[in-house]
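This is final-v6.csv. It holds CSV, N, CA and C atoms.
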```csv
chain,number,residue,atom,x,y,z
A,24,GLY,N,0.8,-1.2,0.0
A,24,GLY,CA,0.0,0.0,0.0
A,24,GLY,C,0.8,1.3,0.0
A,25,VAL,N,0.1,2.3,0.0
A,25,VAL,CA,0.7,3.7,-0.1
A,25,VAL,C,1.2,4.1,1.3
A,26,LEU,N,0.5,3.7,2.4
A,26,LEU,CA,0.9,4.2,3.7
A,26,LEU,C,2.0,3.5,4.3
A,27,PRO,N,2.9,4.2,5.0
A,27,PRO,CA,4.0,3.6,5.7
A,27,PRO,C,3.7,3.0,7.0
A,28,PHE,N,2.4,3.2,7.5
A,28,PHE,CA,2.0,2.7,8.7
A,28,PHE,C,0.5,2.7,8.7
A,29,ASP,N,-0.2,1.7,9.3
A,29,ASP,CA,-1.6,1.5,9.2
A,29,ASP,C,-2.4,2.6,10.0
A,30,ASN,N,-1.9,3.1,11.1
A,30,ASN,CA,-2.7,4.0,11.9
A,30,ASN,C,-2.6,5.4,11.4
A,31,VAL,N,-3.6,6.0,10.8
A,31,VAL,CA,-3.6,7.4,10.4
A,31,VAL,C,-4.1,8.3,11.5
A,32,SER,N,-3.4,9.3,11.8
A,32,SER,CA,-3.7,10.2,12.9
A,32,SER,C,-4.2,11.6,12.4
A,33,SER,N,-3.9,12.0,11.2
A,33,SER,CA,-4.3,13.3,10.7
A,33,SER,C,-4.2,13.3,9.2
A,34,LEU,N,-5.2,14.1,8.6
A,34,LEU,CA,-5.2,14.3,7.1
A,34,LEU,C,-5.2,15.8,6.9
A,35,PHE,N,-4.5,16.3,5.8
A,35,PHE,CA,-4.5,17.7,5.5
A,35,PHE,C,-4.3,17.8,4.0
A,36,ILE,N,-5.1,18.8,3.4
A,36,ILE,CA,-4.9,19.0,1.9
A,36,ILE,C,-4.3,20.4,1.8
A,37,ALA,N,-3.2,20.5,1.1
A,37,ALA,CA,-2.5,21.8,0.8
A,37,ALA,C,-1.9,21.8,-0.6
A,38,ASN,N,-2.1,22.7,-1.4
A,38,ASN,CA,-1.5,22.9,-2.7
A,38,ASN,C,-1.6,21.6,-3.5
A,39,HIS,N,-2.8,21.0,-3.7
A,39,HIS,CA,-3.0,19.8,-4.5
A,39,HIS,C,-2.3,18.6,-3.9
A,40,GLU,N,-2.0,18.6,-2.6
A,40,GLU,CA,-1.3,17.4,-2.0
A,40,GLU,C,-2.1,17.0,-0.8
A,41,LEU,N,-2.3,15.7,-0.7
A,41,LEU,CA,-2.9,15.1,0.5
A,41,LEU,C,-1.8,14.6,1.4
A,42,TRP,N,-1.7,15.3,2.6
A,42,TRP,CA,-0.7,14.9,3.6
A,42,TRP,C,-1.4,13.9,4.6
A,43,ILE,N,-0.8,12.7,4.7
A,43,ILE,CA,-1.3,11.7,5.6
A,43,ILE,C,-0.4,11.4,6.7
A,44,ALA,N,-0.7,11.9,7.9
A,44,ALA,CA,0.2,11.7,9.1
A,44,ALA,C,-0.2,10.3,9.7
A,45,THR,N,0.9,9.6,10.1
A,45,THR,CA,0.7,8.3,10.7
A,45,THR,C,1.3,8.2,12.1
A,46,GLU,N,0.9,7.3,12.9
A,46,GLU,CA,1.3,7.2,14.3
A,46,GLU,C,2.6,6.4,14.4
A,47,GLY,N,3.3,6.2,13.4
A,47,GLY,CA,4.6,5.4,13.5
A,47,GLY,C,5.4,5.3,12.2
A,48,GLY,N,4.8,5.8,11.1
A,48,GLY,CA,5.5,5.8,9.8
A,48,GLY,C,5.8,7.1,9.2
A,49,GLY,N,5.7,8.2,10.0
A,49,GLY,CA,5.9,9.5,9.4
A,49,GLY,C,4.8,10.0,8.6
A,50,ILE,N,5.0,10.6,7.5
A,50,ILE,CA,4.0,11.2,6.6
A,50,ILE,C,4.1,10.8,5.2
A,51,ALA,N,3.0,10.4,4.6
A,51,ALA,CA,2.9,10.1,3.2
A,51,ALA,C,2.3,11.3,2.5
A,52,ILE,N,2.8,11.8,1.4
A,52,ILE,CA,2.3,13.0,0.8
A,52,ILE,C,2.0,12.6,-0.7
A,53,ARG,N,0.7,12.6,-1.0
A,53,ARG,CA,0.2,12.2,-2.3
A,53,ARG,C,-0.2,13.5,-3.1
A,54,ASN,N,0.5,13.6,-4.3
A,54,ASN,CA,0.2,14.7,-5.2
A,54,ASN,C,-1.1,14.3,-5.9
A,55,MET,N,-2.2,15.0,-5.7
A,55,MET,CA,-3.5,14.6,-6.2
A,55,MET,C,-3.6,14.8,-7.8
A,56,GLN,N,-2.7,15.6,-8.4
A,56,GLN,CA,-2.8,15.8,-9.8
A,56,GLN,C,-1.9,14.7,-10.5
A,57,GLN,N,-0.8,14.4,-10.0
A,57,GLN,CA,0.1,13.4,-10.6
A,57,GLN,C,0.0,12.0,-10.1
A,58,GLY,N,-0.6,11.8,-8.9
A,58,GLY,CA,-0.7,10.5,-8.3
A,58,GLY,C,0.5,10.0,-7.7
A,59,LYS,N,1.6,10.8,-7.7
A,59,LYS,CA,2.9,10.4,-7.1
A,59,LYS,C,2.8,10.5,-5.5
A,60,VAL,N,3.6,9.7,-4.8
A,60,VAL,CA,3.6,9.7,-3.4
A,60,VAL,C,5.1,9.9,-2.9
A,61,ARG,N,5.3,10.8,-2.0
A,61,ARG,CA,6.6,10.9,-1.4
A,61,ARG,C,6.4,10.8,0.1
A,62,TYR,N,7.5,10.5,0.8
A,62,TYR,CA,7.4,10.2,2.2
A,62,TYR,C,8.4,11.1,3.1
A,63,LEU,N,7.9,11.5,4.2
A,63,LEU,CA,8.8,12.1,5.2
A,63,LEU,C,8.9,11.2,6.4
A,64,THR,N,10.1,10.9,6.8
A,64,THR,CA,10.3,10.0,8.0
A,64,THR,C,11.3,10.6,8.9
A,65,ALA,N,11.4,10.1,10.1
A,65,ALA,CA,12.3,10.5,11.1
A,65,ALA,C,13.8,10.2,10.8
A,66,GLY,N,14.7,11.0,11.2
A,66,GLY,CA,16.1,10.8,11.0
A,66,GLY,C,16.9,11.9,11.5
A,67,LYS,N,18.2,11.9,11.3
A,67,LYS,CA,19.0,13.0,11.8
A,67,LYS,C,19.4,14.0,10.7
A,68,GLY,N,18.9,13.8,9.5
A,68,GLY,CA,19.2,14.7,8.4
A,68,GLY,C,18.4,16.0,8.4
A,69,GLN,N,18.9,17.0,7.6
A,69,GLN,CA,18.2,18.3,7.5
A,69,GLN,C,16.8,18.2,7.0
A,70,HIS,N,16.4,17.2,6.2
A,70,HIS,CA,15.1,17.1,5.7
A,70,HIS,C,14.4,15.9,6.3
A,71,ASP,N,14.6,15.6,7.5
A,71,ASP,CA,14.0,14.5,8.2
A,71,ASP,C,13.1,15.0,9.4
A,72,LEU,N,12.0,14.3,9.6
A,72,LEU,CA,11.2,14.6,10.8
A,72,LEU,C,11.9,14.3,12.1
A,73,SER,N,11.5,14.9,13.2
A,73,SER,CA,12.0,14.6,14.5
A,73,SER,C,11.5,13.3,15.1
A,74,SER,N,10.3,12.9,14.6
A,74,SER,CA,9.7,11.6,15.0
A,74,SER,C,8.8,11.1,14.0
A,75,ASP,N,8.6,9.8,13.9
A,75,ASP,CA,7.7,9.1,12.9
A,75,ASP,C,6.2,9.1,13.5
A,76,ALA,N,6.0,9.4,14.7
A,76,ALA,CA,4.7,9.5,15.3
A,76,ALA,C,4.2,10.9,15.2
A,77,VAL,N,3.4,11.1,14.1
A,77,VAL,CA,2.9,12.5,13.8
A,77,VAL,C,1.4,12.5,14.1
A,78,TYR,N,1.0,13.6,14.8
A,78,TYR,CA,-0.4,13.7,15.3
A,78,TYR,C,-1.1,14.9,14.8
A,79,ALA,N,-0.4,15.9,14.3
A,79,ALA,CA,-1.1,17.1,13.9
A,79,ALA,C,-0.4,17.8,12.7
A,80,LEU,N,-1.2,18.3,11.7
A,80,LEU,CA,-0.8,19.0,10.5
A,80,LEU,C,-1.5,20.3,10.4
A,81,ALA,N,-0.9,21.3,10.1
A,81,ALA,CA,-1.6,22.6,9.8
A,81,ALA,C,-0.6,23.5,9.0
A,82,THR,N,-1.2,24.5,8.3
A,82,THR,CA,-0.4,25.5,7.6
A,82,THR,C,-0.7,26.8,8.1
A,83,ASP,N,0.2,27.8,7.9
A,83,ASP,CA,0.0,29.1,8.4
A,83,ASP,C,-0.2,30.0,7.2
A,84,ASN,N,-0.3,31.3,7.4
A,84,ASN,CA,-0.6,32.3,6.3
A,84,ASN,C,0.6,32.5,5.4
A,85,GLU,N,1.8,32.0,5.8
A,85,GLU,CA,2.9,32.1,4.9
A,85,GLU,C,3.1,30.8,4.1
A,86,GLY,N,2.2,29.8,4.2
A,86,GLY,CA,2.3,28.6,3.5
A,86,GLY,C,3.2,27.5,4.1
A,87,ARG,N,3.7,27.7,5.3
A,87,ARG,CA,4.5,26.7,6.0
A,87,ARG,C,3.7,25.6,6.5
A,88,MET,N,4.2,24.4,6.5
A,88,MET,CA,3.5,23.3,7.1
A,88,MET,C,4.0,23.1,8.5
A,89,TRP,N,3.1,23.0,9.5
A,89,TRP,CA,3.5,22.8,10.9
A,89,TRP,C,3.1,21.3,11.2
A,90,ILE,N,4.1,20.6,11.8
A,90,ILE,CA,3.9,19.2,12.0
A,90,ILE,C,4.1,18.9,13.5
A,91,GLY,N,3.1,18.4,14.2
A,91,GLY,CA,3.2,18.1,15.6
A,91,GLY,C,3.5,16.6,15.7
A,92,ALA,N,4.7,16.3,16.4
A,92,ALA,CA,5.1,14.9,16.5
A,92,ALA,C,5.2,14.5,18.0
A,93,HIS,N,4.8,13.3,18.3
A,93,HIS,CA,4.9,12.7,19.7
A,93,HIS,C,6.4,12.6,20.1
A,94,LYS,N,6.8,13.2,21.2
A,94,LYS,CA,8.1,13.2,21.7
A,94,LYS,C,9.2,13.7,20.7
A,95,GLY,N,8.7,14.4,19.7
A,95,GLY,CA,9.6,15.0,18.7
A,95,GLY,C,9.4,16.5,18.5
A,96,GLY,N,8.5,17.1,19.3
A,96,GLY,CA,8.3,18.5,19.1
A,96,GLY,C,7.6,18.9,17.9
A,97,CYS,N,7.8,20.1,17.4
A,97,CYS,CA,7.1,20.7,16.3
A,97,CYS,C,8.1,20.9,15.2
A,98,ASN,N,7.8,20.4,14.0
A,98,ASN,CA,8.6,20.6,12.8
A,98,ASN,C,7.9,21.6,11.9
A,99,VAL,N,8.6,22.4,11.3
A,99,VAL,CA,8.0,23.4,10.3
A,99,VAL,C,8.8,23.2,9.0
A,100,ILE,N,8.0,23.2,7.9
A,100,ILE,CA,8.6,23.0,6.6
A,100,ILE,C,8.3,24.3,5.8
A,101,SER,N,9.3,24.9,5.3
A,101,SER,CA,9.1,26.1,4.5
A,101,SER,C,8.5,25.8,3.1
A,102,SER,N,7.5,26.5,2.7
A,102,SER,CA,6.9,26.2,1.4
A,102,SER,C,7.8,26.7,0.2
A,103,SER,N,8.7,27.6,0.4
A,103,SER,CA,9.5,28.1,-0.7
A,103,SER,C,10.7,27.2,-1.0
A,104,ASP,N,11.3,26.7,0.0
A,104,ASP,CA,12.5,25.9,-0.3
A,104,ASP,C,12.5,24.5,0.4
A,105,GLY,N,11.4,24.1,1.1
A,105,GLY,CA,11.3,22.8,1.7
A,105,GLY,C,12.2,22.6,2.9
A,106,ARG,N,12.8,23.6,3.4
A,106,ARG,CA,13.7,23.5,4.6
A,106,ARG,C,12.9,23.1,5.8
A,107,PHE,N,13.5,22.3,6.7
A,107,PHE,CA,12.9,21.8,7.9
A,107,PHE,C,13.5,22.6,9.1
A,108,VAL,N,12.6,23.0,10.0
A,108,VAL,CA,13.1,23.5,11.3
A,108,VAL,C,12.4,22.8,12.4
A,109,THR,N,13.1,22.4,13.4
A,109,THR,CA,12.5,21.8,14.6
A,109,THR,C,12.4,22.9,15.7
A,110,ILE,N,11.1,23.2,16.1
A,110,ILE,CA,10.9,24.3,17.0
A,110,ILE,C,11.2,23.8,18.5
A,111,ALA,N,10.7,22.7,18.9
A,111,ALA,CA,10.9,22.2,20.2
A,111,ALA,C,11.1,20.7,20.2
A,112,ASN,N,11.7,20.2,21.2
A,112,ASN,CA,12.0,18.8,21.2
A,112,ASN,C,11.8,18.3,22.7
```
Represent the structure of the file as structure tokens.
Amino acid sequence: GVLPFDNVSSLFIANHELWIATEGGGIAIRNMQQGKVRYLTAGKGQHDLSSDAVYALATDNEGRMWIGAHKGGCNVISSSDGRFVTIAN
């Protein structure tokens, strides 16, 4: 299947993409126009989530995606360059 983990905790649509947060597999992002899926998972890299247990998704008025993660704090992804920032841990 498309999902990296069976338990879905949150859904969000932004810019023709369906963001699917899971409780242990990070995030699956499906481009609804192209049908392609990409994944965000936890790791130590600059473009990795702080935790694979994601429970909240929201955007702000600047188009940034805010991601609430269990024991991983809050991750923010810039809409312009895709950079990740971890706000709290």
Give the strand (DSSP E or B) residues of chain A, as DSSP finds them on the backbone, and put them as a PyMOL selection string.
chain A and resi 31-37+40-45+50-54+60-63+65+72+77-82+88-92+96-100+107-111
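Residues in contact with stretch 32-43 of chain A at 6 Å, where only N, CA and C atoms are counted and same-chain residues fewer than 3 positions away are skipped, are listed as Glu46, Gly49, Ile50, Ala51, Ile52, Arg53, Asn54, Met55, Gln56, Val77, Tyr78, Ala79 and Leu80 of chain A.
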Just write the chosen residues, N, CA and C atoms, as a compact mmCIF listing (two decimals), in the coordinates of the input.
```txt
# COMPACT_ATOMS: atom_id res chain seq x y z
N GLU A 46 0.90 7.30 12.90
CA GLU A 46 1.30 7.20 14.30
C GLU A 46 2.60 6.40 14.40
N GLY A 49 5.70 8.20 10.00
CA GLY A 49 5.90 9.50 9.40
C GLY A 49 4.80 10.00 8.60
N ILE A 50 5.00 10.60 7.50
CA ILE A 50 4.00 11.20 6.60
C ILE A 50 4.10 10.80 5.20
N ALA A 51 3.00 10.40 4.60
CA ALA A 51 2.90 10.10 3.20
C ALA A 51 2.30 11.30 2.50
N ILE A 52 2.80 11.80 1.40
CA ILE A 52 2.30 13.00 0.80
C ILE A 52 2.00 12.60 -0.70
N ARG A 53 0.70 12.60 -1.00
CA ARG A 53 0.20 12.20 -2.30
C ARG A 53 -0.20 13.50 -3.10
N ASN A 54 0.50 13.60 -4.30
CA ASN A 54 0.20 14.70 -5.20
C ASN A 54 -1.10 14.30 -5.90
N MET A 55 -2.20 15.00 -5.70
CA MET A 55 -3.50 14.60 -6.20
C MET A 55 -3.60 14.80 -7.80
N GLN A 56 -2.70 15.60 -8.40
CA GLN A 56 -2.80 15.80 -9.80
C GLN A 56 -1.90 14.70 -10.50
N VAL A 77 3.40 11.10 14.10
CA VAL A 77 2.90 12.50 13.80
C VAL A 77 1.40 12.50 14.10
N TYR A 78 1.00 13.60 14.80
CA TYR A 78 -0.40 13.70 15.30
C TYR A 78 -1.10 14.90 14.80
N ALA A 79 -0.40 15.90 14.30
CA ALA A 79 -1.10 17.10 13.90
C ALA A 79 -0.40 17.80 12.70
N LEU A 80 -1.20 18.30 11.70
CA LEU A 80 -0.80 19.00 10.50
C LEU A 80 -1.50 20.30 10.40
```
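If you look at atom C of A:Asn30 and atom C of A:Val108, they are 23.0 Å away from each other.
What separates atom C of A:Gly96 from atom CA of A:Gly58 is a distance of 28.7 Å.
Considering the residues A:Gly105, A:Gly47, A:Gly95, A:Pro27 and counting all atoms listed in the file, A:Asp75 has its shortest atom-to-atom contact with A:Gly47.
Going from atom CA of A:Asp71 to atom CA of A:Val99 covers 10.9 Å.
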Nearest to A:Ala44: which of A:Ile100, A:Val31, A:Ala65, A:Leu72 is it, counting all atoms listed in the file?
A:Val31
List the neighbours of A:His70 out to 7 Å using all atoms listed in the file; skip same-chain residues closer than 3 positions along the sequence, and give me the result as a PyMOL selection string.
chain A and resi 63-64+66-67+105-107
